[in-house]
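Heads up, input.cif below (mmCIF, C-alpha atoms):
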data_data
#
loop_
_atom_site.label_atom_id
_atom_site.label_comp_id
_atom_site.auth_asym_id
_atom_site.auth_seq_id
_atom_site.Cartn_x
_atom_site.Cartn_y
_atom_site.Cartn_z
CA MET A 137 -89.57 -60.56 -96.99
CA PRO A 138 -87.91 -63.22 -99.16
CA ASN A 139 -87.06 -60.51 -101.71
CA GLU A 140 -85.38 -58.39 -99.00
CA ILE A 141 -83.35 -61.34 -97.81
CA ALA A 142 -82.34 -62.14 -101.39
CA SER A 143 -81.27 -58.54 -102.04
CA ARG A 144 -79.18 -58.47 -98.86
CA ALA A 145 -77.56 -61.74 -99.81
CA ALA A 146 -76.80 -60.39 -103.28
CA ALA A 147 -75.32 -57.19 -101.80
CA ALA A 148 -73.17 -59.22 -99.41
CA ALA A 149 -71.99 -61.37 -102.32
CA ARG A 150 -71.08 -58.28 -104.30
CA HIS A 151 -69.13 -56.91 -101.33
CA ARG A 152 -67.28 -60.18 -100.92
CA ALA A 153 -66.50 -60.25 -104.62
CA ALA A 154 -65.28 -56.64 -104.51
CA ASP A 155 -63.13 -57.38 -101.45
CA SER A 156 -61.77 -60.48 -103.14
CA ASN A 157 -60.92 -58.51 -106.30
CA ALA A 158 -59.27 -55.77 -104.24
CA ALA A 159 -57.23 -58.37 -102.37
CA ARG A 160 -56.12 -59.97 -105.65
CA ARG A 161 -55.17 -56.58 -107.09
CA ALA A 162 -53.20 -55.70 -103.95
CA THR A 163 -51.39 -59.03 -104.09
CA ALA A 164 -50.57 -58.51 -107.77
CA GLY A 165 -49.34 -54.98 -107.02
CA ARG A 166 -47.02 -56.18 -104.25
CA ARG A 167 -45.62 -58.92 -106.46
CA LEU A 168 -45.08 -56.46 -109.27
CA ILE A 169 -43.10 -53.96 -107.18
CA ARG A 170 -41.08 -56.76 -105.56
CA ALA A 171 -40.15 -58.18 -108.98
CA ALA A 172 -39.23 -54.71 -110.30
CA SER A 173 -37.19 -53.94 -107.18
CA LEU A 174 -35.37 -57.27 -107.47
CA LEU A 175 -34.61 -56.56 -111.14
CA LEU A 176 -33.29 -53.09 -110.31
CA GLY A 177 -31.17 -54.43 -107.46
CA VAL A 178 -29.64 -57.18 -109.61
CA VAL A 179 -28.84 -54.77 -112.46
CA VAL A 180 -27.26 -52.24 -110.10
CA LEU A 181 -25.22 -54.97 -108.39
CA LEU A 182 -23.98 -56.30 -111.72
CA GLN A 183 -23.03 -52.81 -112.88
CA VAL A 184 -21.17 -52.13 -109.62
CA LEU A 185 -19.29 -55.40 -109.95
CA HIS A 186 -18.52 -54.56 -113.57
CA ALA A 187 -17.22 -51.11 -112.57
CA ALA A 188 -15.02 -52.79 -109.93
CA GLY A 189 -13.65 -55.17 -112.56
CA VAL A 190 -15.14 -58.29 -110.96
CA VAL A 191 -17.77 -59.19 -113.57
CA PRO A 192 -17.15 -58.23 -117.23
CA LEU A 193 -20.40 -57.22 -118.89
CA GLY A 194 -19.11 -55.60 -122.05
CA ILE A 195 -21.13 -52.44 -121.34
CA ASP A 196 -19.22 -49.28 -120.47
CA THR A 197 -22.22 -47.11 -119.57
CA TRP A 198 -24.89 -47.22 -116.90
CA LEU A 199 -27.73 -47.45 -119.42
CA PRO A 200 -28.93 -50.85 -118.10
CA THR A 201 -29.39 -49.27 -114.67
CA LEU A 202 -31.29 -46.37 -116.26
CA PHE A 203 -33.63 -48.73 -118.10
CA ALA A 204 -34.12 -50.85 -114.98
CA TYR A 205 -34.90 -47.70 -113.02
CA ILE A 206 -37.51 -46.65 -115.59
CA VAL A 207 -39.12 -50.10 -115.38
CA TRP A 208 -39.09 -49.87 -111.58
CA ALA A 209 -40.66 -46.39 -111.69
CA VAL A 210 -43.49 -47.58 -113.95
CA ALA A 211 -44.01 -50.64 -111.76
CA LEU A 212 -44.11 -48.45 -108.66
CA GLY A 213 -46.89 -46.31 -110.15
CA VAL A 214 -48.93 -49.29 -111.30
CA SER A 215 -48.48 -51.07 -107.97
CA GLN A 216 -49.68 -48.01 -106.04
CA VAL A 217 -52.91 -48.01 -108.03
CA LEU A 218 -53.39 -51.78 -107.60
CA ILE A 219 -52.66 -51.74 -103.87
CA ARG A 220 -54.26 -48.46 -102.75
CA GLY A 221 -56.95 -47.84 -105.36
CA GLU A 222 -58.09 -44.21 -105.49
CA GLN A 223 -55.45 -43.14 -102.99
CA GLY A 224 -52.84 -44.72 -105.25
CA LYS A 225 -54.11 -42.65 -108.17
CA ARG A 226 -53.67 -39.48 -106.11
CA ALA A 227 -50.18 -40.62 -105.13
CA LEU A 228 -49.25 -40.74 -108.82
CA PHE A 229 -49.10 -36.92 -108.83
CA LEU A 230 -46.31 -37.05 -106.23
CA LEU A 231 -44.30 -39.79 -107.90
CA PRO A 232 -42.57 -37.59 -110.54
CA ALA A 233 -41.04 -35.39 -107.84
CA LEU A 234 -40.02 -38.45 -105.80
CA LEU A 235 -38.51 -40.24 -108.77
CA PHE A 236 -36.66 -37.11 -109.89
CA THR A 237 -35.20 -36.70 -106.39
CA ILE A 238 -34.07 -40.32 -106.35
CA ALA A 239 -32.49 -40.03 -109.81
CA MET A 240 -30.85 -36.62 -109.37
CA VAL A 241 -30.00 -36.51 -105.66
CA ILE A 242 -30.00 -39.87 -103.93
CA PHE A 243 -28.42 -41.99 -106.68
CA PRO A 244 -25.62 -39.47 -107.48
CA THR A 245 -24.87 -39.21 -103.75
CA PHE A 246 -24.39 -42.95 -103.37
CA PHE A 247 -22.57 -43.11 -106.70
CA GLY A 248 -20.25 -40.40 -105.40
CA LEU A 249 -19.61 -42.44 -102.25
CA GLY A 250 -18.40 -45.23 -104.49
CA ILE A 251 -16.04 -42.89 -106.33
CA ALA A 252 -14.83 -41.43 -103.02
CA ALA A 253 -13.61 -44.88 -102.02
CA THR A 254 -11.16 -45.03 -104.96
CA ASP A 255 -7.87 -43.44 -105.98
CA TRP A 256 -9.28 -42.39 -109.36
CA ASN A 257 -6.97 -39.83 -110.97
CA LEU A 258 -7.43 -38.73 -114.57
CA SER A 259 -3.66 -38.43 -115.06
CA SER A 260 -2.89 -41.89 -113.68
CA LEU A 261 -1.99 -44.77 -115.97
CA THR A 262 -2.55 -47.51 -113.40
CA GLY A 263 -6.35 -47.40 -113.39
CA VAL A 264 -8.81 -47.12 -110.51
CA HIS A 265 -8.26 -48.95 -107.23
CA PHE A 266 -10.01 -49.12 -103.88
CA ASN A 267 -8.48 -46.48 -101.61
CA LEU A 268 -11.11 -45.53 -99.02
CA PHE A 269 -8.80 -45.60 -96.01
CA GLY A 270 -6.04 -43.84 -97.92
CA ASN A 271 -8.42 -41.01 -98.85
CA ILE A 272 -9.61 -40.74 -95.24
CA ALA A 273 -6.01 -40.54 -93.99
CA THR A 274 -5.17 -37.90 -96.60
CA LEU A 275 -8.25 -35.90 -95.64
CA ALA A 276 -7.35 -36.00 -91.95
CA GLN A 277 -3.86 -34.63 -92.71
CA ASP A 278 -4.84 -32.13 -95.42
CA ALA A 279 -3.99 -28.76 -93.87
CA PHE A 280 -5.24 -26.87 -96.93
CA PHE A 281 -8.70 -28.41 -96.65
CA TRP A 282 -8.97 -27.65 -92.94
CA ASN A 283 -7.79 -24.12 -93.61
CA ALA A 284 -10.55 -23.71 -96.21
CA LEU A 285 -13.06 -25.14 -93.75
CA GLY A 286 -11.89 -22.64 -91.13
CA ASN A 287 -12.32 -19.81 -93.61
CA MET A 288 -15.95 -20.82 -94.00
CA GLY A 289 -16.45 -19.73 -90.39
CA TYR A 290 -15.56 -16.15 -91.34
CA TYR A 291 -17.81 -16.22 -94.38
CA VAL A 292 -20.76 -17.66 -92.44
CA LEU A 293 -20.36 -15.07 -89.67
CA SER A 294 -20.37 -12.32 -92.31
CA VAL A 295 -24.00 -13.28 -93.02
CA LEU A 296 -24.99 -11.60 -89.75
CA VAL A 297 -23.46 -8.32 -90.98
CA GLN A 298 -25.25 -8.77 -94.30
CA TYR A 299 -28.51 -9.30 -92.44
CA ALA A 300 -28.06 -6.11 -90.39
CA ILE A 301 -27.34 -4.06 -93.53
CA ALA A 302 -30.21 -5.68 -95.43
CA PHE A 303 -32.67 -5.03 -92.58
CA SER A 304 -31.67 -1.37 -92.47
CA LEU A 305 -32.11 -1.01 -96.22
CA ALA A 306 -35.41 -2.91 -96.13
CA LEU A 307 -36.73 -0.50 -93.50
CA LEU A 308 -35.62 2.40 -95.67
CA LEU A 309 -37.24 0.97 -98.79
CA ASN A 310 -40.43 0.27 -96.85
CA ALA A 311 -40.65 3.87 -95.64
CA ASP A 312 -42.65 6.51 -97.46
CA ILE A 313 -39.74 8.30 -99.12
CA ARG A 314 -39.43 10.08 -102.43
CA GLY A 315 -38.11 7.86 -105.24
CA ARG A 316 -38.88 4.66 -103.35
CA LYS A 317 -39.55 2.65 -106.50
CA PHE A 318 -36.29 3.79 -108.07
CA PHE A 319 -34.26 2.83 -105.00
CA ARG A 320 -35.93 -0.56 -104.82
CA VAL A 321 -34.84 -1.33 -108.36
CA ALA A 322 -31.37 0.14 -107.82
CA PHE A 323 -30.72 -1.92 -104.69
CA LEU A 324 -31.84 -5.10 -106.45
CA LEU A 325 -29.54 -4.67 -109.46
CA PRO A 326 -26.52 -6.52 -107.96
CA PHE A 327 -28.68 -9.60 -107.43
CA MET A 328 -29.35 -9.68 -111.18
CA LEU A 329 -25.63 -10.09 -111.92
CA SER A 330 -23.84 -13.42 -111.85
CA PRO A 331 -20.96 -13.90 -109.39
CA VAL A 332 -18.60 -14.34 -112.34
CA ALA A 333 -19.59 -10.93 -113.72
CA ILE A 334 -19.10 -9.37 -110.29
CA SER A 335 -15.71 -11.04 -110.02
CA TRP A 336 -14.45 -9.38 -113.19
CA MET A 337 -16.34 -6.11 -112.92
CA VAL A 338 -15.49 -5.43 -109.27
CA GLY A 339 -12.73 -7.82 -108.24
CA LYS A 340 -10.58 -7.59 -111.35
CA SER A 341 -11.40 -4.04 -112.51
CA ILE A 342 -12.55 -1.70 -109.75
CA LEU A 343 -10.28 -3.26 -107.10
CA GLU A 344 -7.29 -3.67 -109.41
CA ALA A 345 -4.21 -2.52 -107.44
CA ARG A 346 -2.53 -0.39 -110.13
CA PHE A 347 -5.15 1.28 -112.27
CA GLY A 348 -8.46 0.43 -110.62
CA PRO A 349 -10.72 3.31 -109.48
CA ALA A 350 -10.73 2.05 -105.88
CA ALA A 351 -6.92 1.95 -105.78
CA THR A 352 -6.71 5.44 -107.30
CA LEU A 353 -9.12 6.81 -104.69
CA ALA A 354 -7.18 5.05 -101.91
CA ARG A 355 -3.93 6.70 -103.06
CA MET A 356 -5.65 10.08 -103.11
CA LEU A 357 -6.72 9.49 -99.49
CA GLY A 358 -3.17 8.66 -98.43
CA TRP A 359 -2.82 4.90 -98.88
CA SER A 360 0.49 4.84 -100.71
CA SER A 361 0.36 1.28 -102.06
CA PRO A 362 -3.18 -0.06 -101.92
CA ALA A 363 -3.36 -3.84 -102.28
CA PHE A 364 -6.82 -5.24 -101.74
CA TYR A 365 -5.53 -8.79 -102.04
CA GLY A 366 -2.05 -8.33 -100.59
CA THR A 367 -2.74 -9.51 -97.06
CA ALA A 368 -4.95 -12.24 -95.66
CA TRP A 369 -7.44 -9.94 -93.95
CA ALA A 370 -7.60 -7.45 -96.83
CA ALA A 371 -8.21 -10.22 -99.37
CA ARG A 372 -10.79 -11.97 -97.22
CA THR A 373 -12.59 -8.70 -96.53
CA SER A 374 -12.62 -7.85 -100.24
CA ILE A 375 -14.20 -11.22 -101.05
CA MET A 376 -16.77 -10.71 -98.30
CA VAL A 377 -17.66 -7.25 -99.62
CA MET A 378 -18.18 -8.52 -103.16
CA ASP A 379 -20.19 -11.50 -101.94
CA ALA A 380 -22.31 -9.27 -99.70
CA TRP A 381 -22.92 -6.77 -102.52
CA ASN A 382 -24.20 -9.65 -104.64
CA TRP A 383 -26.44 -11.29 -102.00
CA ILE A 384 -27.71 -8.51 -99.73
CA PRO A 385 -30.53 -7.76 -102.23
CA PHE A 386 -31.76 -11.34 -101.77
CA ILE A 387 -32.15 -10.75 -98.02
CA ILE A 388 -33.74 -7.36 -98.72
CA ILE A 389 -36.42 -8.98 -100.89
CA LEU A 390 -37.41 -11.41 -98.12
CA LEU A 391 -37.36 -8.79 -95.37
CA LEU A 392 -39.21 -6.20 -97.46
CA ALA A 393 -41.95 -8.72 -98.19
CA GLY A 394 -42.23 -9.40 -94.45
CA LEU A 395 -42.35 -5.70 -93.59
CA GLN A 396 -45.11 -5.06 -96.08
CA ALA A 397 -47.15 -7.90 -94.57
CA LEU A 398 -47.00 -6.46 -91.05
CA PRO A 399 -50.36 -5.20 -89.70
CA GLY A 400 -50.30 -1.40 -89.84
CA GLU A 401 -52.78 -1.11 -86.99
CA VAL A 402 -50.24 -2.42 -84.47
CA LEU A 403 -47.62 0.15 -85.46
CA GLU A 404 -50.19 2.93 -85.43
CA SER A 405 -51.35 1.87 -81.96
CA ALA A 406 -47.77 1.97 -80.68
CA LYS A 407 -47.33 5.46 -82.12
CA VAL A 408 -50.54 6.63 -80.44
CA ASP A 409 -49.32 5.17 -77.13
CA GLY A 410 -46.20 7.35 -77.39
CA ALA A 411 -43.61 4.84 -78.54
CA ASN A 412 -40.64 6.37 -80.35
CA PRO A 413 -39.31 4.85 -83.61
CA TRP A 414 -36.65 2.80 -81.81
CA GLN A 415 -39.16 1.36 -79.34
CA SER A 416 -41.57 0.55 -82.14
CA PHE A 417 -38.83 -1.27 -84.02
CA TRP A 418 -37.35 -3.18 -81.07
CA LYS A 419 -40.62 -4.07 -79.33
CA ILE A 420 -42.93 -4.61 -82.30
CA THR A 421 -41.31 -4.74 -85.75
CA PHE A 422 -38.31 -6.89 -84.90
CA PRO A 423 -40.26 -9.55 -82.92
CA LEU A 424 -42.93 -9.78 -85.62
CA MET A 425 -40.20 -10.12 -88.26
CA LEU A 426 -38.40 -12.95 -86.47
CA PRO A 427 -39.86 -15.81 -88.59
CA VAL A 428 -38.90 -14.02 -91.82
CA SER A 429 -35.52 -13.02 -90.41
CA VAL A 430 -34.64 -16.55 -89.33
CA THR A 431 -35.69 -17.92 -92.72
CA ALA A 432 -33.65 -15.30 -94.58
CA VAL A 433 -30.53 -15.88 -92.47
CA ILE A 434 -30.68 -19.68 -92.73
CA LEU A 435 -31.21 -19.56 -96.50
CA ARG A 436 -28.35 -17.11 -96.84
CA ILE A 437 -26.06 -19.34 -94.75
CA ILE A 438 -26.89 -22.30 -96.98
CA PHE A 439 -25.98 -20.27 -100.06
CA GLU A 440 -22.84 -18.98 -98.34
CA LEU A 441 -21.63 -22.52 -97.71
CA LYS A 442 -21.47 -22.94 -101.51
CA LEU A 443 -19.35 -19.82 -102.09
CA ALA A 444 -16.82 -20.50 -104.84
CA ASP A 445 -17.29 -18.38 -108.00
CA ILE A 446 -15.87 -15.11 -106.72
CA VAL A 447 -12.94 -16.77 -104.96
CA ILE A 448 -12.00 -18.87 -107.99
CA ASN A 449 -12.07 -15.93 -110.39
CA VAL A 450 -10.51 -13.23 -108.20
CA THR A 451 -7.95 -14.74 -105.83
CA ALA A 452 -7.88 -18.49 -106.61
CA GLY A 453 -7.81 -18.99 -102.84
CA GLY A 454 -4.80 -16.73 -102.16
CA PRO A 455 -2.87 -15.21 -100.63
CA GLY A 456 -1.67 -18.38 -98.95
CA GLY A 457 -5.15 -19.90 -98.82
CA ALA A 458 -6.56 -16.95 -96.85
CA THR A 459 -9.65 -16.63 -99.06
CA ASP A 460 -10.09 -20.29 -99.94
CA THR A 461 -13.49 -21.88 -99.47
CA VAL A 462 -14.18 -25.59 -99.36
CA SER A 463 -15.94 -25.47 -102.73
CA SER A 464 -13.09 -23.57 -104.42
CA PHE A 465 -10.54 -25.97 -102.91
CA ILE A 466 -12.48 -29.01 -104.16
CA TYR A 467 -12.74 -27.36 -107.59
CA ARG A 468 -8.95 -26.98 -107.77
CA GLU A 469 -8.52 -30.57 -106.57
CA TYR A 470 -10.43 -31.68 -109.63
CA ARG A 471 -9.05 -29.15 -112.12
CA ASP A 472 -5.38 -28.86 -111.15
CA ARG A 473 -4.68 -32.30 -109.71
CA SER A 474 -7.24 -34.33 -111.69
CA SER A 475 -7.94 -36.18 -108.44
CA VAL A 476 -11.49 -37.41 -108.92
CA GLY A 477 -11.47 -39.95 -106.09
CA TYR A 478 -10.03 -37.71 -103.39
CA GLY A 479 -11.97 -34.67 -104.63
CA THR A 480 -15.21 -36.64 -104.36
CA MET A 481 -14.21 -37.74 -100.87
CA LEU A 482 -13.85 -34.07 -99.90
CA ALA A 483 -17.20 -33.21 -101.47
CA GLU A 484 -19.03 -36.06 -99.71
CA PHE A 485 -17.42 -35.20 -96.37
CA TYR A 486 -18.35 -31.54 -96.79
CA LEU A 487 -21.92 -32.55 -97.68
CA ILE A 488 -22.17 -34.53 -94.43
CA LEU A 489 -20.85 -31.54 -92.47
CA ILE A 490 -23.38 -29.23 -94.13
CA ILE A 491 -26.27 -31.58 -93.37
CA ILE A 492 -25.24 -31.82 -89.72
CA PHE A 493 -24.62 -28.07 -89.39
CA VAL A 494 -27.88 -27.02 -91.05
CA SER A 495 -29.88 -29.60 -89.08
CA VAL A 496 -28.44 -28.34 -85.79
CA LEU A 497 -29.00 -24.75 -86.90
CA LEU A 498 -32.64 -25.42 -87.76
CA ALA A 499 -33.21 -27.18 -84.44
CA LEU A 500 -31.65 -24.32 -82.46
CA ALA A 501 -33.57 -21.71 -84.46
CA SER A 502 -36.85 -23.56 -83.91
CA ARG A 503 -36.21 -23.88 -80.17
CA TRP A 504 -35.23 -20.21 -79.91
CA MET A 505 -38.31 -19.13 -81.88
CA ARG A 506 -40.61 -21.10 -79.55
CA ARG A 507 -39.00 -19.53 -76.50
CA VAL A 508 -39.09 -15.98 -77.85
CA THR A 509 -42.57 -16.05 -79.36
#

Kindly present the structure from the file in structure tokens form.
Amino acid sequence: MPNEIASRAAAAARHRAADSNAARRATAGRRLIRAASLLLGVVVLLQVLHAAGVVPLGIDTWLPTLFAYIVWAVALGVSQVLIRGEQGKRALFLLPALLFTIAMVIFPTFFGLGIAATDWNLSSLTGVHFNLFGNIATLAQDAFFWNALGNMGYYVLSVLVQYAIAFSLALLLNADIRGRKFFRVAFLLPFMLSPVAISWMVGKSILEARFGPAATLARMLGWSSPAFYGTAWAARTSIMVMDAWNWIPFIIILLLAGLQALPGEVLESAKVDGANPWQSFWKITFPLMLPVSVTAVILRIIFELKLADIVINVTAGGPGGATDTVSSFIYREYRDRSSVGYGTMLAEFYLILIIIFVSVLLALASRWMRRVT
């Protein structure tokens, strides 16, 4: 009996000692991350003040912030292990992705906000000054930017046409037809080309108004003076066609993968029950493909919002801004006007619009999917 009591007392003492050690480690971990965070905050503040010309540091680069960030990252990992123990060790596997996101996404975004609040122009001899409200006023009155933003509505709506074409081709490629493997490779070839290559191969060569094959064929069919970029609608349609030719294979890949994953028993049962091909598609295939379809369309819209390469290389936004996209307009703001501050303001504003638009789109798609399914 005395031995049992002694062993229980020893076990309780060990538990208390272990709890005490864990508490000390957790306290040390919290102090470590607080000290590292304070160091990072002070270094960033000093560098911001130096960039604004308030505090001269004699350092023209952001290397001190980089080193402070590395110290903070190491301290964050060590503190997680000290505070959370085994769970902290498992969290270490997630830290590289988190730290990379902070360094490559979050920090550049906030850094860009700082640049957007200035009148930084590479051709100016007066230096950089705070100009947040001036940039906002210029943005509100910039008819060219709002025109480019309006054009994005046409390009985004064209995704629905791309989806319809891609779904038709995916159904064809999923059918048991002769040469199916060849057609699958052939339809995917445009996706292997870069938009710049498509711009020159199609936009500058095939659709060239004087000697291009498309113009020659159009004259043979009775179009006396074919000009694929001569009017606003013709130019915009030509850009949409080239963009669709490049990206429809991407939608085909997603839809074809979804079609091949459909249970064959359901389609066979519908055929036995007397359903015709249209009824099988509309009542069975299309509803079952809704999750894949929504994913493909939303991804394609996100890519479409970044459209720039083809426009820059083929029309440079013309005629009269009819084909301009927001990305191509911002690119010219940097390249032609050397306006870094205002160009960054446009980019940050467009980023906010994209985040809001995609968030609303995802919420509506999720609500619609729950109601339909």

On this structure, which residues satisfy the PyMOL selection byres ((chain A and resi 320-325) around 12), written as a tab-separated table (two decimals) with C-alpha atoms, keeping the file's coordinate frame?
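The result, written out as result_28.tsv:
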chain	number	residue	atom	x	y	z
A	301	ILE	CA	-27.34	-4.06	-93.53
A	302	ALA	CA	-30.21	-5.68	-95.43
A	305	LEU	CA	-32.11	-1.01	-96.22
A	306	ALA	CA	-35.41	-2.91	-96.13
A	307	LEU	CA	-36.73	-0.50	-93.50
A	308	LEU	CA	-35.62	2.40	-95.67
A	309	LEU	CA	-37.24	0.97	-98.79
A	310	ASN	CA	-40.43	0.27	-96.85
A	311	ALA	CA	-40.65	3.87	-95.64
A	313	ILE	CA	-39.74	8.30	-99.12
A	314	ARG	CA	-39.43	10.08	-102.43
A	315	GLY	CA	-38.11	7.86	-105.24
A	316	ARG	CA	-38.88	4.66	-103.35
A	317	LYS	CA	-39.55	2.65	-106.50
A	318	PHE	CA	-36.29	3.79	-108.07
A	319	PHE	CA	-34.26	2.83	-105.00
A	326	PRO	CA	-26.52	-6.52	-107.96
A	327	PHE	CA	-28.68	-9.60	-107.43
A	328	MET	CA	-29.35	-9.68	-111.18
A	329	LEU	CA	-25.63	-10.09	-111.92
A	330	SER	CA	-23.84	-13.42	-111.85
A	334	ILE	CA	-19.10	-9.37	-110.29
A	381	TRP	CA	-22.92	-6.77	-102.52
A	382	ASN	CA	-24.20	-9.65	-104.64
A	383	TRP	CA	-26.44	-11.29	-102.00
A	384	ILE	CA	-27.71	-8.51	-99.73
A	385	PRO	CA	-30.53	-7.76	-102.23
A	386	PHE	CA	-31.76	-11.34	-101.77
A	387	ILE	CA	-32.15	-10.75	-98.02
A	388	ILE	CA	-33.74	-7.36	-98.72
A	389	ILE	CA	-36.42	-8.98	-100.89
A	390	LEU	CA	-37.41	-11.41	-98.12
A	392	LEU	CA	-39.21	-6.20	-97.46

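Take the candidates A:Gly394, A:Ala501, A:Gly479, A:Ala276 and check each one against Ala253 (chain A) using all atoms listed in the file; the shortest distance goes to A:Gly479.
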
Item to check | Result set, the PyMOL selection byres ((chain A and resi 163-180) around 6) on current file, as JSON, numbers by chain | outcome: {"A": [160, 161, 162, 181, 182, 183, 201, 204, 208, 211, 212, 215, 218, 219]}

Item to check | Result set of the PyMOL selection byres ((chain A and resi 444) around 7) on the coordinates above, as number ranges by chain | outcome: A: 442-443, 445-448, 461, 463-464

Once you have the residues from the selection above, write them out as a PDB file, keeping the file's coordinate frame, restricted to C-alpha atoms.
ATOM      1  CA  LYS A 442     -21.470 -22.940-101.510  1.00  0.00           C
ATOM      2  CA  LEU A 443     -19.350 -19.820-102.090  1.00  0.00           C
ATOM      3  CA  ASP A 445     -17.290 -18.380-108.000  1.00  0.00           C
ATOM      4  CA  ILE A 446     -15.870 -15.110-106.720  1.00  0.00           C
ATOM      5  CA  VAL A 447     -12.940 -16.770-104.960  1.00  0.00           C
ATOM      6  CA  ILE A 448     -12.000 -18.870-107.990  1.00  0.00           C
ATOM      7  CA  THR A 461     -13.490 -21.880 -99.470  1.00  0.00           C
ATOM      8  CA  SER A 463     -15.940 -25.470-102.730  1.00  0.00           C
ATOM      9  CA  SER A 464     -13.090 -23.570-104.420  1.00  0.00           C
TER      10      SER A 464
END

Next on the checklist: For Arg372 (chain A), find every residue with an atom within 12 Å (counting only C-alpha atoms), except residues of its own chain fewer than 2 positions away, and show them as a ChimeraX atom specification.
Outcome noted: /A:284,287-291,294,339,364-370,374-379,446-447,450-461

Would you mind putting N, CA and C atoms back on region 281-299 of chain A and writing the result as a CSV table (one decimal), in the coordinates of the input?
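Wrote rebuild.csv, looks like this:
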chain,number,residue,atom,x,y,z
A,281,PHE,N,-7.3,-28.2,-96.8
A,281,PHE,CA,-8.7,-28.4,-96.6
A,281,PHE,C,-9.2,-27.8,-95.3
A,282,TRP,N,-8.5,-28.1,-94.2
A,282,TRP,CA,-9.0,-27.6,-92.9
A,282,TRP,C,-8.9,-26.1,-92.8
A,283,ASN,N,-7.9,-25.6,-93.6
A,283,ASN,CA,-7.8,-24.1,-93.6
A,283,ASN,C,-9.0,-23.5,-94.3
A,284,ALA,N,-9.4,-24.2,-95.5
A,284,ALA,CA,-10.6,-23.7,-96.2
A,284,ALA,C,-11.8,-23.9,-95.4
A,285,LEU,N,-11.9,-24.9,-94.6
A,285,LEU,CA,-13.1,-25.1,-93.8
A,285,LEU,C,-13.1,-24.1,-92.6
A,286,GLY,N,-11.9,-23.7,-92.1
A,286,GLY,CA,-11.9,-22.6,-91.1
A,286,GLY,C,-12.3,-21.3,-91.7
A,287,ASN,N,-11.9,-21.1,-93.0
A,287,ASN,CA,-12.3,-19.8,-93.6
A,287,ASN,C,-13.8,-19.7,-93.7
A,288,MET,N,-14.5,-20.9,-93.9
A,288,MET,CA,-16.0,-20.8,-94.0
A,288,MET,C,-16.6,-20.2,-92.8
A,289,GLY,N,-15.9,-20.3,-91.6
A,289,GLY,CA,-16.4,-19.7,-90.4
A,289,GLY,C,-16.6,-18.2,-90.5
A,290,TYR,N,-15.5,-17.6,-91.1
A,290,TYR,CA,-15.6,-16.2,-91.3
A,290,TYR,C,-16.7,-15.8,-92.3
A,291,TYR,N,-16.8,-16.5,-93.4
A,291,TYR,CA,-17.8,-16.2,-94.4
A,291,TYR,C,-19.2,-16.4,-93.8
A,292,VAL,N,-19.4,-17.4,-93.0
A,292,VAL,CA,-20.8,-17.7,-92.4
A,292,VAL,C,-21.1,-16.6,-91.4
A,293,LEU,N,-20.1,-16.1,-90.6
A,293,LEU,CA,-20.4,-15.1,-89.7
A,293,LEU,C,-20.7,-13.7,-90.4
A,294,SER,N,-20.1,-13.6,-91.6
A,294,SER,CA,-20.4,-12.3,-92.3
A,294,SER,C,-21.8,-12.2,-92.7
A,295,VAL,N,-22.6,-13.3,-92.7
A,295,VAL,CA,-24.0,-13.3,-93.0
A,295,VAL,C,-24.8,-12.4,-92.0
A,296,LEU,N,-24.3,-12.4,-90.8
A,296,LEU,CA,-25.0,-11.6,-89.8
A,296,LEU,C,-24.8,-10.1,-90.1
A,297,VAL,N,-23.7,-9.7,-90.6
A,297,VAL,CA,-23.5,-8.3,-91.0
A,297,VAL,C,-24.3,-8.0,-92.2
A,298,GLN,N,-24.4,-9.0,-93.1
A,298,GLN,CA,-25.2,-8.8,-94.3
A,298,GLN,C,-26.7,-8.6,-93.9
A,299,TYR,N,-27.1,-9.4,-92.9
A,299,TYR,CA,-28.5,-9.3,-92.4
A,299,TYR,C,-28.8,-7.9,-91.8
